[in-house]
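Student: What follows is the file entry.pdb, containing PDB, C-alpha atoms:
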```
ATOM      1  CA  MET A   1      -7.849  17.487  -1.716
ATOM      2  CA  GLU A   2      -4.211  18.298  -1.146
ATOM      3  CA  MET A   3      -2.536  16.986   2.029
ATOM      4  CA  HIS A   4       0.176  18.917   3.892
ATOM      5  CA  LEU A   5       2.940  17.013   5.696
ATOM      6  CA  ASN A   6       5.936  18.688   7.290
ATOM      7  CA  ARG A   7       9.414  17.158   7.458
ATOM      8  CA  LYS A   8      11.409  16.600  10.642
ATOM      9  CA  ASP A   9      14.884  15.017  10.747
ATOM     10  CA  LEU A  10      14.948  12.554  13.635
ATOM     11  CA  TYR A  11      18.119  10.433  13.700
ATOM     12  CA  GLN A  12      21.128   9.122  11.786
ATOM     13  CA  VAL A  13      22.375   5.536  11.622
ATOM     14  CA  THR A  14      24.692   3.699   9.262
ATOM     15  CA  CYS A  15      23.817   2.748   5.678
ATOM     16  CA  ILE A  16      20.525   0.845   5.253
ATOM     17  CA  THR A  17      19.907  -1.603   2.404
ATOM     18  CA  GLY A  18      17.287  -3.839   4.046
ATOM     19  CA  ARG A  19      13.629  -3.447   4.952
ATOM     20  CA  SER A  20      14.609  -2.880   8.517
ATOM     21  CA  LEU A  21      12.441  -0.067   9.929
ATOM     22  CA  GLY A  22       9.773  -0.650  12.590
ATOM     23  CA  LEU A  23       7.754   1.141  15.262
ATOM     24  CA  LEU A  24       7.241  -0.278  18.745
ATOM     25  CA  PRO A  25       3.681   0.293  19.994
ATOM     26  CA  ALA A  26       3.289   2.777  22.831
ATOM     27  CA  SER A  27       2.534   1.331  26.264
ATOM     28  CA  ASP A  28      -0.332   3.813  26.684
ATOM     29  CA  LYS A  29      -2.043   6.619  24.769
ATOM     30  CA  LYS A  30       0.060   9.297  26.455
ATOM     31  CA  LYS A  31       3.305   7.931  25.024
ATOM     32  CA  CYS A  32       4.754   7.939  21.523
ATOM     33  CA  HIS A  33       6.013   5.039  19.420
ATOM     34  CA  LYS A  34       9.666   4.124  19.647
ATOM     35  CA  VAL A  35      11.591   3.752  16.396
ATOM     36  CA  VAL A  36      13.606   0.597  15.664
ATOM     37  CA  VAL A  37      15.989   0.381  12.708
ATOM     38  CA  GLY A  38      18.608  -2.101  11.512
ATOM     39  CA  GLY A  39      21.702  -1.063   9.584
ATOM     40  CA  ASP A  40      24.205  -2.680   7.267
ATOM     41  CA  ASN A  41      26.619  -3.106  10.184
ATOM     42  CA  GLY A  42      24.151  -5.582  11.697
ATOM     43  CA  VAL A  43      23.232  -3.214  14.523
ATOM     44  CA  VAL A  44      19.599  -2.719  15.557
ATOM     45  CA  THR A  45      19.041   0.666  17.186
ATOM     46  CA  CYS A  46      15.992   1.714  19.198
ATOM     47  CA  PHE A  47      15.327   5.370  19.982
ATOM     48  CA  ARG A  48      12.512   7.650  21.096
ATOM     49  CA  ILE A  49      11.860  11.350  20.729
ATOM     50  CA  LYS A  50      11.520  13.422  23.902
ATOM     51  CA  LYS A  51      11.002  17.187  23.750
ATOM     52  CA  GLY A  52      12.189  17.197  20.145
ATOM     53  CA  GLU A  53      15.442  15.332  20.852
ATOM     54  CA  ALA A  54      16.302  11.724  19.968
ATOM     55  CA  ILE A  55      17.225   9.535  22.933
ATOM     56  CA  GLU A  56      18.823   6.163  22.194
ATOM     57  CA  GLU A  57      17.262   3.344  24.190
ATOM     58  CA  TYR A  58      19.746   0.678  23.083
ATOM     59  CA  ALA A  59      21.856  -0.600  20.196
ATOM     60  CA  THR A  60      22.678  -4.269  19.652
ATOM     61  CA  GLY A  61      26.202  -5.436  18.828
ATOM     62  CA  ASN A  62      27.795  -5.359  15.383
ATOM     63  CA  LEU A  63      27.310  -8.364  13.095
ATOM     64  CA  ASP A  64      29.189  -9.539  10.019
ATOM     65  CA  TYR A  65      26.142  -9.128   7.760
ATOM     66  CA  PRO A  66      23.516  -6.405   7.255
ATOM     67  CA  VAL A  67      20.047  -6.492   8.774
ATOM     68  CA  LYS A  68      17.844  -7.320   5.772
ATOM     69  CA  ARG A  69      14.427  -7.644   7.396
ATOM     70  CA  LEU A  70      12.969  -6.460  10.695
ATOM     71  CA  PHE A  71       9.636  -7.621  12.103
ATOM     72  CA  ILE A  72       7.765  -6.393  15.179
ATOM     73  CA  GLY A  73       6.081  -9.394  16.808
ATOM     74  CA  GLY A  74       5.068 -10.895  20.117
ATOM     75  CA  PRO A  75       1.660 -11.478  21.732
ATOM     76  CA  VAL A  76      -1.255  -9.838  19.907
ATOM     77  CA  GLU A  77      -2.116  -7.614  22.879
ATOM     78  CA  LYS A  78       1.408  -6.125  22.981
ATOM     79  CA  ARG A  79       3.655  -6.382  19.957
ATOM     80  CA  ASP A  80       6.890  -5.499  21.748
ATOM     81  CA  ARG A  81       9.395  -8.050  20.444
ATOM     82  CA  ILE A  82      11.810  -7.275  17.653
ATOM     83  CA  PHE A  83      12.909 -10.004  15.246
ATOM     84  CA  TYR A  84      15.461  -9.408  12.521
ATOM     85  CA  THR A  85      17.485 -11.321   9.955
ATOM     86  CA  SER A  86      21.220 -11.181   9.288
ATOM     87  CA  ALA A  87      22.552 -13.635   6.693
ATOM     88  CA  GLN A  88      20.825 -16.975   7.498
ATOM     89  CA  THR A  89      20.135 -16.223  11.159
ATOM     90  CA  ILE A  90      17.017 -14.849  12.858
ATOM     91  CA  ARG A  91      17.458 -13.022  16.156
ATOM     92  CA  GLY A  92      14.896 -11.737  18.607
ATOM     93  CA  VAL A  93      15.342  -9.026  21.222
ATOM     94  CA  ASN A  94      12.878  -7.676  23.765
ATOM     95  CA  LYS A  95      11.874  -4.038  24.158
ATOM     96  CA  LYS A  96      14.990  -3.417  26.285
ATOM     97  CA  GLY A  97      17.332  -4.843  23.649
ATOM     98  CA  LYS A  98      18.131  -8.135  25.373
ATOM     99  CA  GLU A  99      18.428 -11.097  23.016
ATOM    100  CA  PHE A 100      15.997 -13.912  23.868
ATOM    101  CA  PHE A 101      15.898 -15.835  20.579
ATOM    102  CA  ARG A 102      18.388 -16.989  17.950
ATOM    103  CA  PHE A 103      17.721 -19.415  15.126
ATOM    104  CA  ASN A 104      20.175 -20.389  12.389
ATOM    105  CA  THR A 105      18.080 -21.662   9.495
ATOM    106  CA  ASP A 106      21.015 -23.573   7.947
ATOM    107  CA  GLY A 107      20.013 -22.310   4.503
ATOM    108  CA  THR A 108      22.368 -20.950   1.860
ATOM    109  CA  GLU A 109      20.407 -17.824   0.883
ATOM    110  CA  MET A 110      20.426 -14.547   2.768
ATOM    111  CA  LEU A 111      17.048 -14.078   4.463
ATOM    112  CA  LYS A 112      15.070 -11.141   3.055
ATOM    113  CA  GLY A 113      11.517 -11.928   4.175
ATOM    114  CA  LEU A 114      10.303 -12.680   7.713
ATOM    115  CA  HIS A 115       7.037 -13.166   9.583
ATOM    116  CA  ILE A 116       6.635 -14.710  13.033
ATOM    117  CA  GLU A 117       3.483 -15.713  14.925
ATOM    118  CA  ASP A 118       3.736 -17.730  18.138
ATOM    119  CA  THR A 119       6.028 -20.672  17.315
ATOM    120  CA  ARG A 120       5.550 -20.366  13.536
ATOM    121  CA  ILE A 121       8.156 -18.709  11.318
ATOM    122  CA  TRP A 122       7.897 -17.872   7.616
ATOM    123  CA  THR A 123      10.996 -16.755   5.710
ATOM    124  CA  THR A 124      12.088 -16.008   2.157
ATOM    125  CA  GLY A 125      15.534 -15.835   0.601
ATOM    126  CA  GLU A 126      16.366 -15.210  -3.053
ATOM    127  CA  TYR A 127      14.275 -18.095  -4.413
ATOM    128  CA  MET A 128      13.349 -20.198  -1.383
ATOM    129  CA  PHE A 129      10.314 -19.862   0.862
ATOM    130  CA  ASN A 130      10.533 -21.791   4.142
ATOM    131  CA  TYR A 131       8.040 -22.514   6.891
ATOM    132  CA  TYR A 132       9.117 -23.563  10.400
ATOM    133  CA  VAL A 133       7.193 -24.684  13.461
ATOM    134  CA  ASP A 134       9.116 -24.726  16.750
ATOM    135  CA  THR A 135      12.255 -24.013  14.645
ATOM    136  CA  LYS A 136      11.751 -27.295  12.744
ATOM    137  CA  ASP A 137      11.187 -27.498   8.971
ATOM    138  CA  ALA A 138       7.475 -27.684   8.153
ATOM    139  CA  GLY A 139       7.541 -26.969   4.424
ATOM    140  CA  TYR A 140       9.291 -25.124   1.614
ATOM    141  CA  TYR A 141       8.621 -23.766  -1.873
ATOM    142  CA  MET A 142      11.103 -22.839  -4.592
ATOM    143  CA  SER A 143       9.973 -19.882  -6.682
ATOM    144  CA  PRO A 144      10.572 -19.836 -10.465
ATOM    145  CA  ASP A 145      12.169 -16.387 -10.064
ATOM    146  CA  ARG A 146      13.479 -14.135  -7.293
ATOM    147  CA  ILE A 147      11.185 -13.415  -4.353
ATOM    148  CA  ASN A 148      11.205  -9.682  -3.624
ATOM    149  CA  ASP A 149       8.654  -9.517  -0.801
ATOM    150  CA  LEU A 150       6.643 -11.685   1.597
ATOM    151  CA  LEU A 151       3.196 -10.888   3.027
ATOM    152  CA  MET A 152       1.016 -13.077   5.248
ATOM    153  CA  VAL A 153      -2.777 -12.857   4.708
ATOM    154  CA  PRO A 154      -5.643 -15.225   5.691
ATOM    155  CA  ILE A 155      -7.050 -15.850   2.192
ATOM    156  CA  LEU A 156      -8.154 -19.493   1.944
ATOM    157  CA  ASN A 157      -9.989 -19.259   5.288
ATOM    158  CA  GLN A 158     -10.433 -16.677   8.027
ATOM    159  CA  VAL A 159      -7.930 -18.248  10.433
ATOM    160  CA  ASP A 160      -4.800 -19.598   8.754
ATOM    161  CA  LEU A 161      -2.263 -17.222   7.277
ATOM    162  CA  ASN A 162      -1.309 -17.733   3.642
ATOM    163  CA  PRO A 163       2.095 -16.668   2.277
ATOM    164  CA  VAL A 164       1.845 -14.145  -0.563
ATOM    165  CA  LEU A 165       5.040 -13.799  -2.613
ATOM    166  CA  GLY A 166       5.926 -10.826  -4.804
ATOM    167  CA  CYS A 167       8.225 -12.135  -7.523
ATOM    168  CA  GLN A 168      10.661 -10.785 -10.095
ATOM    169  CA  ASP A 169       8.915 -12.559 -13.005
ATOM    170  CA  ARG A 170       5.897 -10.215 -12.670
ATOM    171  CA  HIS A 171       3.829 -12.659 -10.659
ATOM    172  CA  VAL A 172       2.148 -12.574  -7.266
ATOM    173  CA  ARG A 173       1.928 -16.089  -5.865
ATOM    174  CA  VAL A 174      -0.308 -17.336  -3.032
ATOM    175  CA  LEU A 175       0.655 -20.490  -1.150
ATOM    176  CA  ASP A 176      -1.352 -22.925   0.936
ATOM    177  CA  VAL A 177       1.193 -23.728   3.669
ATOM    178  CA  ALA A 178       4.022 -24.347   1.168
ATOM    179  CA  LYS A 179       2.096 -25.430  -1.942
ATOM    180  CA  LEU A 180       1.313 -23.047  -4.793
ATOM    181  CA  GLN A 181      -2.400 -22.218  -4.776
ATOM    182  CA  PHE A 182      -2.761 -19.172  -7.058
ATOM    183  CA  GLU A 183      -0.563 -17.004  -9.228
ATOM    184  CA  VAL A 184      -1.493 -13.822 -11.075
ATOM    185  CA  PHE A 185       0.465 -11.866 -13.672
ATOM    186  CA  VAL A 186       0.930  -8.094 -13.233
ATOM    187  CA  ASP A 187       2.627  -5.482 -15.401
ATOM    188  CA  GLY A 188       5.954  -5.283 -13.565
ATOM    189  CA  ALA A 189       8.344  -7.158 -11.285
ATOM    190  CA  VAL A 190       6.667  -7.107  -7.861
ATOM    191  CA  THR A 191       8.873  -5.302  -5.335
ATOM    192  CA  SER A 192       6.483  -4.638  -2.437
ATOM    193  CA  LEU A 193       3.248  -6.017  -0.934
ATOM    194  CA  CYS A 194       0.787  -4.655   1.621
ATOM    195  CA  ARG A 195      -2.650  -5.501   3.046
ATOM    196  CA  PHE A 196      -5.451  -3.043   2.373
ATOM    197  CA  SER A 197      -9.111  -2.507   3.215
ATOM    198  CA  SER A 198     -11.074  -0.001   1.176
ATOM    199  CA  LYS A 199     -14.016   1.748   2.805
ATOM    200  CA  GLN A 200     -16.231   1.318  -0.240
ATOM    201  CA  MET A 201     -15.822  -2.453  -0.390
ATOM    202  CA  GLY A 202     -14.935  -3.298   3.204
ATOM    203  CA  ASP A 203     -18.276  -4.679   4.422
ATOM    204  CA  ILE A 204     -19.017  -6.486   1.161
ATOM    205  CA  LEU A 205     -15.554  -8.032   0.968
ATOM    206  CA  SER A 206     -15.468  -9.121   4.612
ATOM    207  CA  LYS A 207     -18.813 -10.912   4.224
ATOM    208  CA  ALA A 208     -17.542 -12.626   1.081
ATOM    209  CA  GLY A 209     -14.270 -13.609   2.765
ATOM    210  CA  GLU A 210     -12.311 -11.512   0.278
ATOM    211  CA  LYS A 211      -9.056  -9.721   1.074
ATOM    212  CA  GLU A 212      -7.386  -6.816  -0.684
ATOM    213  CA  VAL A 213      -3.640  -6.807  -1.332
ATOM    214  CA  LEU A 214      -1.683  -3.888  -2.756
ATOM    215  CA  TYR A 215       1.514  -4.326  -4.760
ATOM    216  CA  GLY A 216       4.253  -2.062  -6.099
ATOM    217  CA  THR A 217       6.503  -2.824  -9.051
ATOM    218  CA  ASP A 218       9.993  -2.073 -10.337
ATOM    219  CA  ASN A 219       8.532   0.065 -13.132
ATOM    220  CA  GLY A 220       6.671   2.213 -10.625
ATOM    221  CA  LEU A 221       3.108   0.870 -10.771
ATOM    222  CA  ILE A 222       0.803   0.564  -7.766
ATOM    223  CA  GLY A 223      -1.954  -2.025  -8.053
ATOM    224  CA  GLN A 224      -4.736  -3.739  -6.139
ATOM    225  CA  LEU A 225      -5.576  -7.449  -6.030
ATOM    226  CA  HIS A 226      -8.814  -9.065  -4.836
ATOM    227  CA  CYS A 227      -8.091 -12.403  -3.167
ATOM    228  CA  ASP A 228     -10.467 -15.110  -1.964
ATOM    229  CA  ARG A 229     -10.520 -18.900  -1.691
ATOM    230  CA  GLN A 230     -11.414 -19.256  -5.396
ATOM    231  CA  SER A 231      -9.017 -16.884  -7.142
ATOM    232  CA  VAL A 232      -6.824 -13.768  -7.184
ATOM    233  CA  ARG A 233      -8.095 -10.983  -9.463
ATOM    234  CA  GLN A 234      -6.702  -7.643 -10.603
ATOM    235  CA  GLY A 235      -8.316  -4.464  -9.227
ATOM    236  CA  TRP A 236      -7.299  -0.883  -9.967
ATOM    237  CA  VAL A 237      -3.819   0.039 -11.183
ATOM    238  CA  VAL A 238      -2.169   3.452 -10.816
ATOM    239  CA  PRO A 239      -0.003   4.072 -13.914
ATOM    240  CA  ASN A 240       3.435   5.617 -13.535
ATOM    241  CA  ILE A 241       2.696   8.647 -15.689
ATOM    242  CA  ARG A 242       5.523  10.783 -14.268
ATOM    243  CA  GLY A 243       8.171   8.097 -14.758
ATOM    244  CA  LEU A 244       8.964   7.778 -11.052
ATOM    245  CA  GLY A 245      11.336   5.193  -9.584
ATOM    246  CA  SER A 246      10.778   1.608  -8.472
ATOM    247  CA  VAL A 247       8.462   1.073  -5.528
ATOM    248  CA  THR A 248      10.389   0.156  -2.360
ATOM    249  CA  GLY A 249       7.497   0.155   0.097
ATOM    250  CA  VAL A 250       3.711   0.388   0.401
ATOM    251  CA  ALA A 251       1.805   1.156   3.603
ATOM    252  CA  THR A 252      -1.772   2.156   4.448
ATOM    253  CA  HIS A 253      -3.204   4.460   7.109
ATOM    254  CA  ASP A 254      -6.060   6.923   7.510
ATOM    255  CA  LEU A 255      -3.871  10.029   7.502
ATOM    256  CA  ALA A 256      -6.677  12.378   6.448
ATOM    257  CA  LYS A 257      -9.068  11.047   9.139
ATOM    258  CA  THR A 258     -11.792  10.375   6.597
ATOM    259  CA  GLY A 259     -12.525   6.812   7.694
ATOM    260  CA  GLN A 260     -10.727   5.535   4.574
ATOM    261  CA  HIS A 261      -7.159   4.258   4.567
ATOM    262  CA  ASP A 262      -4.781   6.204   2.349
ATOM    263  CA  VAL A 263      -2.093   4.436   0.319
ATOM    264  CA  ILE A 264       1.482   5.485   1.125
ATOM    265  CA  VAL A 265       4.222   4.727  -1.388
ATOM    266  CA  SER A 266       8.024   5.028  -1.202
ATOM    267  CA  ARG A 267      10.406   4.761  -4.159
ATOM    268  CA  ASP A 268      14.080   4.233  -4.934
ATOM    269  CA  ASP A 269      14.395   7.731  -6.437
ATOM    270  CA  GLY A 270      13.424   9.256  -3.069
ATOM    271  CA  GLU A 271       9.813  10.007  -3.934
ATOM    272  CA  ILE A 272       7.189   9.623  -1.193
ATOM    273  CA  GLN A 273       3.514   9.717  -2.180
ATOM    274  CA  VAL A 274       0.153   9.596  -0.444
ATOM    275  CA  LEU A 275      -2.822   8.428  -2.517
ATOM    276  CA  SER A 276      -6.403   8.864  -1.315
ATOM    277  CA  LEU A 277      -9.354   6.949  -2.715
ATOM    278  CA  ASP A 278     -12.210   8.989  -4.146
ATOM    279  CA  GLN A 279     -15.905   8.129  -3.806
ATOM    280  CA  SER A 280     -15.673   5.669  -6.669
ATOM    281  CA  GLY A 281     -12.758   3.868  -5.002
ATOM    282  CA  GLU A 282     -10.103   5.117  -7.424
ATOM    283  CA  PRO A 283      -6.795   6.418  -5.956
ATOM    284  CA  ALA A 284      -5.565   9.978  -6.563
ATOM    285  CA  GLU A 285      -2.319  11.617  -5.395
ATOM    286  CA  VAL A 286      -2.769  14.119  -2.532
ATOM    287  CA  PHE A 287       0.843  14.457  -1.351
ATOM    288  CA  THR A 288       4.280  14.014  -2.893
ATOM    289  CA  LYS A 289       7.777  14.802  -1.659
ATOM    290  CA  CYS A 290      11.253  13.779  -2.777
ATOM    291  CA  VAL A 291      14.065  13.151  -0.267
ATOM    292  CA  ASN A 292      16.631  12.722  -3.076
ATOM    293  CA  GLU A 293      17.820   9.238  -2.102
ATOM    294  CA  CYS A 294      16.402   5.727  -1.995
ATOM    295  CA  VAL A 295      13.727   5.206   0.664
ATOM    296  CA  GLN A 296      14.365   1.832   2.297
ATOM    297  CA  GLY A 297      11.504   1.791   4.795
ATOM    298  CA  ILE A 298       8.273   3.600   5.595
ATOM    299  CA  GLU A 299       5.993   3.255   8.628
ATOM    300  CA  VAL A 300       3.097   5.244  10.112
ATOM    301  CA  GLY A 301       2.781   6.152  13.792
ATOM    302  CA  LYS A 302       3.094   8.865  16.413
ATOM    303  CA  VAL A 303       6.766   9.459  17.134
ATOM    304  CA  THR A 304       7.259  13.122  18.057
ATOM    305  CA  THR A 305       3.770  13.849  19.448
ATOM    306  CA  THR A 306       0.761  11.777  20.494
ATOM    307  CA  ASN A 307      -1.674  14.143  18.767
ATOM    308  CA  PHE A 308      -0.661  13.792  15.112
ATOM    309  CA  ASP A 309       0.140  10.894  12.777
ATOM    310  CA  GLU A 310       3.522  10.802  11.045
ATOM    311  CA  LEU A 311       5.159   9.020   8.148
ATOM    312  CA  VAL A 312       8.466   7.670   9.457
ATOM    313  CA  VAL A 313      11.014   7.156   6.695
ATOM    314  CA  ALA A 314      14.411   5.402   6.568
ATOM    315  CA  THR A 315      16.757   6.283   3.699
ATOM    316  CA  TYR A 316      19.711   4.479   2.142
ATOM    317  CA  SER A 317      22.263   6.759   3.871
ATOM    318  CA  GLY A 318      20.714   6.008   7.280
ATOM    319  CA  LYS A 319      18.585   9.121   7.785
ATOM    320  CA  ILE A 320      15.411   8.618   9.814
ATOM    321  CA  LEU A 321      12.860  11.285   8.894
ATOM    322  CA  SER A 322       9.314  12.160   9.886
ATOM    323  CA  PHE A 323       6.597  13.734   7.768
ATOM    324  CA  THR A 324       3.958  14.867  10.237
ATOM    325  CA  THR A 325       0.337  15.899   9.830
ATOM    326  CA  GLU A 326       0.920  18.473  12.605
ATOM    327  CA  PRO A 327       0.393  21.950  11.074
ATOM    328  CA  THR A 328       3.269  24.415  11.163
ATOM    329  CA  GLN A 329       2.887  27.837  12.727
ATOM    330  CA  ASP A 330       2.875  29.420   9.251
ATOM    331  CA  ARG A 331      -0.037  27.302   8.103
ATOM    332  CA  VAL A 332      -2.010  28.020  11.278
ATOM    333  CA  VAL A 333      -1.639  31.751  10.608
ATOM    334  CA  GLU A 334      -2.622  31.307   6.939
ATOM    335  CA  GLY A 335      -5.720  29.405   7.965
ATOM    336  CA  GLY A 336      -6.813  32.142  10.367
ATOM    337  CA  GLY A 337      -6.229  30.002  13.436
ATOM    338  CA  LEU A 338      -4.513  32.896  15.275
TER     339      LEU A 338
END
```
Go through the file and emit its structure as structure tokens.

Tutor:
Amino acid sequence: MEMHLNRKDLYQVTCITGRSLGLLPASDKKKCHKVVVGGDNGVVTCFRIKKGEAIEEYATGNLDYPVKRLFIGGPVEKRDRIFYTSAQTIRGVNKKGKEFFRFNTDGTEMLKGLHIEDTRIWTTGEYMFNYYVDTKDAGYYMSPDRINDLLMVPILNQVDLNPVLGCQDRHVRVLDVAKLQFEVFVDGAVTSLCRFSSKQMGDILSKAGEKEVLYGTDNGLIGQLHCDRQSVRQGWVVPNIRGLGSVTGVATHDLAKTGQHDVIVSRDDGEIQVLSLDQSGEPAEVFTKCVNECVQGIEVGKVTTTNFDELVVATYSGKILSFTTEPTQDRVVEGGGL
């Protein structure tokens, strides 16, 4: 079934080359998400949409290096703290833009991956994975090839998070703290990782302690991995029949309100896709749109209205766009709603 999403242009910042887009959770159901984005000038900007107009909440000061990764963290009950990397330094600001945390990792590589829980920090650079507790070294791993993405998933048990690395040498690697536990070969350099939970397998997998991870590759493939404490195994793979660009981001959300998460894909040629899983669990494209420039970040939330979900997109030139499930007036008329 085809999905209809309508574009809205929200905001403009400077050039974006990092994975530096995030959405701050709303304080209550009557409010929309705020958008947070980091640019190549090192500035993190937070804005909200009110009555169709963008209102800037704050912008941090310029830095000498671009924001390469942005992570929304804080207590589980309210994820309202913004952490971001610039060169070898991690900074944290609160929801009002005031800096409360700064940590220089003393590494030599520019930080491109970041995850923070409580006092634990996981980072990746070009080849190095590092783990810190209370800003002190707690472990490291050197990858055989470049690390393109970092994802944290509780695989070996139901409590502890395991680093999952997407690597340039066509491998996905799973670590136990900082020791290599599993590695699996896929048919392309892994450029993006995302957690997933399919409706068809959800109950079975949760009872078995199995997790699903999605990956995107530089040659445009989207694939699924089944991960548990024994192994990592290949699931379905969506071939790149149309010769689309490299995958820059993967997200999941139940856009169609079917009870099943859809797979949302962004690419360096500007293509944005939504894939829905059929009854057999195989993905099929239900939406595609090209924005004609590299998509650097993609998130799902409610930014312009509390009633409809939106894909929020950040492009290389600094455009922040929304693709909303809210029907246009023309489509309401076509459907006989008026």

Student: For the file shown, report as a PDB file with C-alpha atoms, keeping the file's coordinate frame the outcome of the PyMOL selection byres ((chain A and resi 307) around 10) at residue level.

Tutor:
```
ATOM      1  CA  LYS A  29      -2.043   6.619  24.769  1.00  0.00           C
ATOM      2  CA  LYS A  30       0.060   9.297  26.455  1.00  0.00           C
ATOM      3  CA  CYS A  32       4.754   7.939  21.523  1.00  0.00           C
ATOM      4  CA  LYS A 302       3.094   8.865  16.413  1.00  0.00           C
ATOM      5  CA  VAL A 303       6.766   9.459  17.134  1.00  0.00           C
ATOM      6  CA  THR A 304       7.259  13.122  18.057  1.00  0.00           C
ATOM      7  CA  THR A 305       3.770  13.849  19.448  1.00  0.00           C
ATOM      8  CA  THR A 306       0.761  11.777  20.494  1.00  0.00           C
ATOM      9  CA  PHE A 308      -0.661  13.792  15.112  1.00  0.00           C
ATOM     10  CA  ASP A 309       0.140  10.894  12.777  1.00  0.00           C
ATOM     11  CA  GLU A 310       3.522  10.802  11.045  1.00  0.00           C
ATOM     12  CA  THR A 325       0.337  15.899   9.830  1.00  0.00           C
ATOM     13  CA  GLU A 326       0.920  18.473  12.605  1.00  0.00           C
TER      14      GLU A 326
END
```

Student: Determine the nearest neighbour of A:Ser231 from the options A:Gly270, A:Gly39, A:Gly209, A:Pro144, counting only C-alpha atoms.

Tutor: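 Between A:Gly270, A:Gly39, A:Gly209, A:Pro144, the residue approaching A:Ser231 most closely is A:Gly209.
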
Student: Report the residues retrieved by the PyMOL selection byres ((chain A and resi 127) around 10) from the displayed file, expressed as an NGL selection string.

Tutor: :A and (109 or 124-126 or 128-129 or 141-148 or 167-168)

Student: Separation of atom CA of A:Lys289 and atom CA of A:Thr328, in Å?

Tutor: 16.6 Å

Student: Take atom CA of A:Ser276 and atom CA of A:Ser317 and report the distance between them in Å, one decimal.

Tutor: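 Calculated distance between atom CA of A:Ser276 and atom CA of A:Ser317 is 29.2 Å.
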
Student: Have a look at atom CA of A:Lys112 and atom CA of A:Leu150 and let me know their distance in Å, one decimal.

Tutor: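 Pair atom CA of A:Lys112 / atom CA of A:Leu150 returns 8.6 Å.
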
Student: If the PyMOL selection byres ((chain A and resi 66) around 8) is run on the structure shown, which residues does it catch, given as an mmCIF file with C-alpha atoms, keeping the file's coordinate frame?

Tutor:
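File selection.cif, as written:
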```
data_model
loop_
_atom_site.group_PDB
_atom_site.id
_atom_site.type_symbol
_atom_site.label_atom_id
_atom_site.label_comp_id
_atom_site.auth_asym_id
_atom_site.auth_seq_id
_atom_site.Cartn_x
_atom_site.Cartn_y
_atom_site.Cartn_z
ATOM 1 C CA THR A 17 19.907 -1.603 2.404
ATOM 2 C CA GLY A 18 17.287 -3.839 4.046
ATOM 3 C CA GLY A 38 18.608 -2.101 11.512
ATOM 4 C CA GLY A 39 21.702 -1.063 9.584
ATOM 5 C CA ASP A 40 24.205 -2.680 7.267
ATOM 6 C CA ASN A 41 26.619 -3.106 10.184
ATOM 7 C CA GLY A 42 24.151 -5.582 11.697
ATOM 8 C CA VAL A 43 23.232 -3.214 14.523
ATOM 9 C CA LEU A 63 27.310 -8.364 13.095
ATOM 10 C CA ASP A 64 29.189 -9.539 10.019
ATOM 11 C CA TYR A 65 26.142 -9.128 7.760
ATOM 12 C CA VAL A 67 20.047 -6.492 8.774
ATOM 13 C CA LYS A 68 17.844 -7.320 5.772
ATOM 14 C CA SER A 86 21.220 -11.181 9.288
ATOM 15 C CA ALA A 87 22.552 -13.635 6.693
#
```

Student: Measuring atom to atom with all atoms listed in the file, identify which of A:Val313, A:Ile121, A:Val184, A:Ala178 is nearest to A:Gly166.

Tutor: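 With all atoms listed in the file as the atom set, the closest residue is A:Val184.
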
Student: Using only C-alpha atoms for the distances, tell me which of A:Asp269, A:Glu282, A:Asp176, A:Asp9 is nearest to A:Asp218.

Tutor: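 Comparing A:Asp269, A:Glu282, A:Asp176, A:Asp9 against A:Asp218, the winner is A:Asp269.
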
Student: Within 10 Å of (-0.5, 16.8, 2.8) (file coordinates; only C-alpha atoms), which protein or nucleic acid residues are there? I'd like them as a PyMOL selection string.

Tutor: chain A and resi 1-6+255-256+273-274+285-289+323-325+327

Student: Between A:Ile49, A:Ala59, A:Cys227, A:Val237, single out the one closest to A:Pro154, counting all atoms listed in the file.

Tutor: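 Among the listed residues, A:Cys227 lies closest to A:Pro154.
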
Student: Using all atoms listed in the file, which protein or nucleic acid residues come within 6 Å of A:Lys34? Drop anything in the same chain fewer than 2 positions from it, and give the result as a list of chain:residue names.

Tutor: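 Selected residues are A:Leu23, A:Leu24, A:Phe47, A:Arg48.
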
Student: I'd like to know which of A:Gly73, A:Lys211, A:Gln12, A:Val295 is closest to A:Ile55, using only C-alpha atoms.

Tutor: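 Among A:Gly73, A:Lys211, A:Gln12, A:Val295, it is A:Gln12 that comes nearest to A:Ile55.
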
Student: Report, as AutoDock Vina command-line options, the axis-aligned box around all atoms of stretch 213-220 of chain A present in the file, extended by 6 Å on each side; give centre and edge lengths in Å to one decimal place.

Tutor:
```
--center_x 3.2 --center_y -2.3 --center_z -7.2 --size_x 25.6 --size_y 21.0 --size_z 23.8
```

Student: Tell me which of A:Thr123, A:Asn104, A:Asn157, A:Asn162 sits closest to A:Gln181, counting all atoms listed in the file.

Tutor: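 That would be A:Asn162, the residue with the smallest distance to A:Gln181.
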
Student: List as a list in words the protein and nucleic acid residues near A:Asn240, meaning an atom at most 10 Å away when only C-alpha atoms are counted, but skip any in the same chain fewer than 4 places from it.

Tutor: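 The residues that qualify are Asn219, Gly220, Leu221, Ile222, Leu244, Gly245 and Ser246 of chain A.
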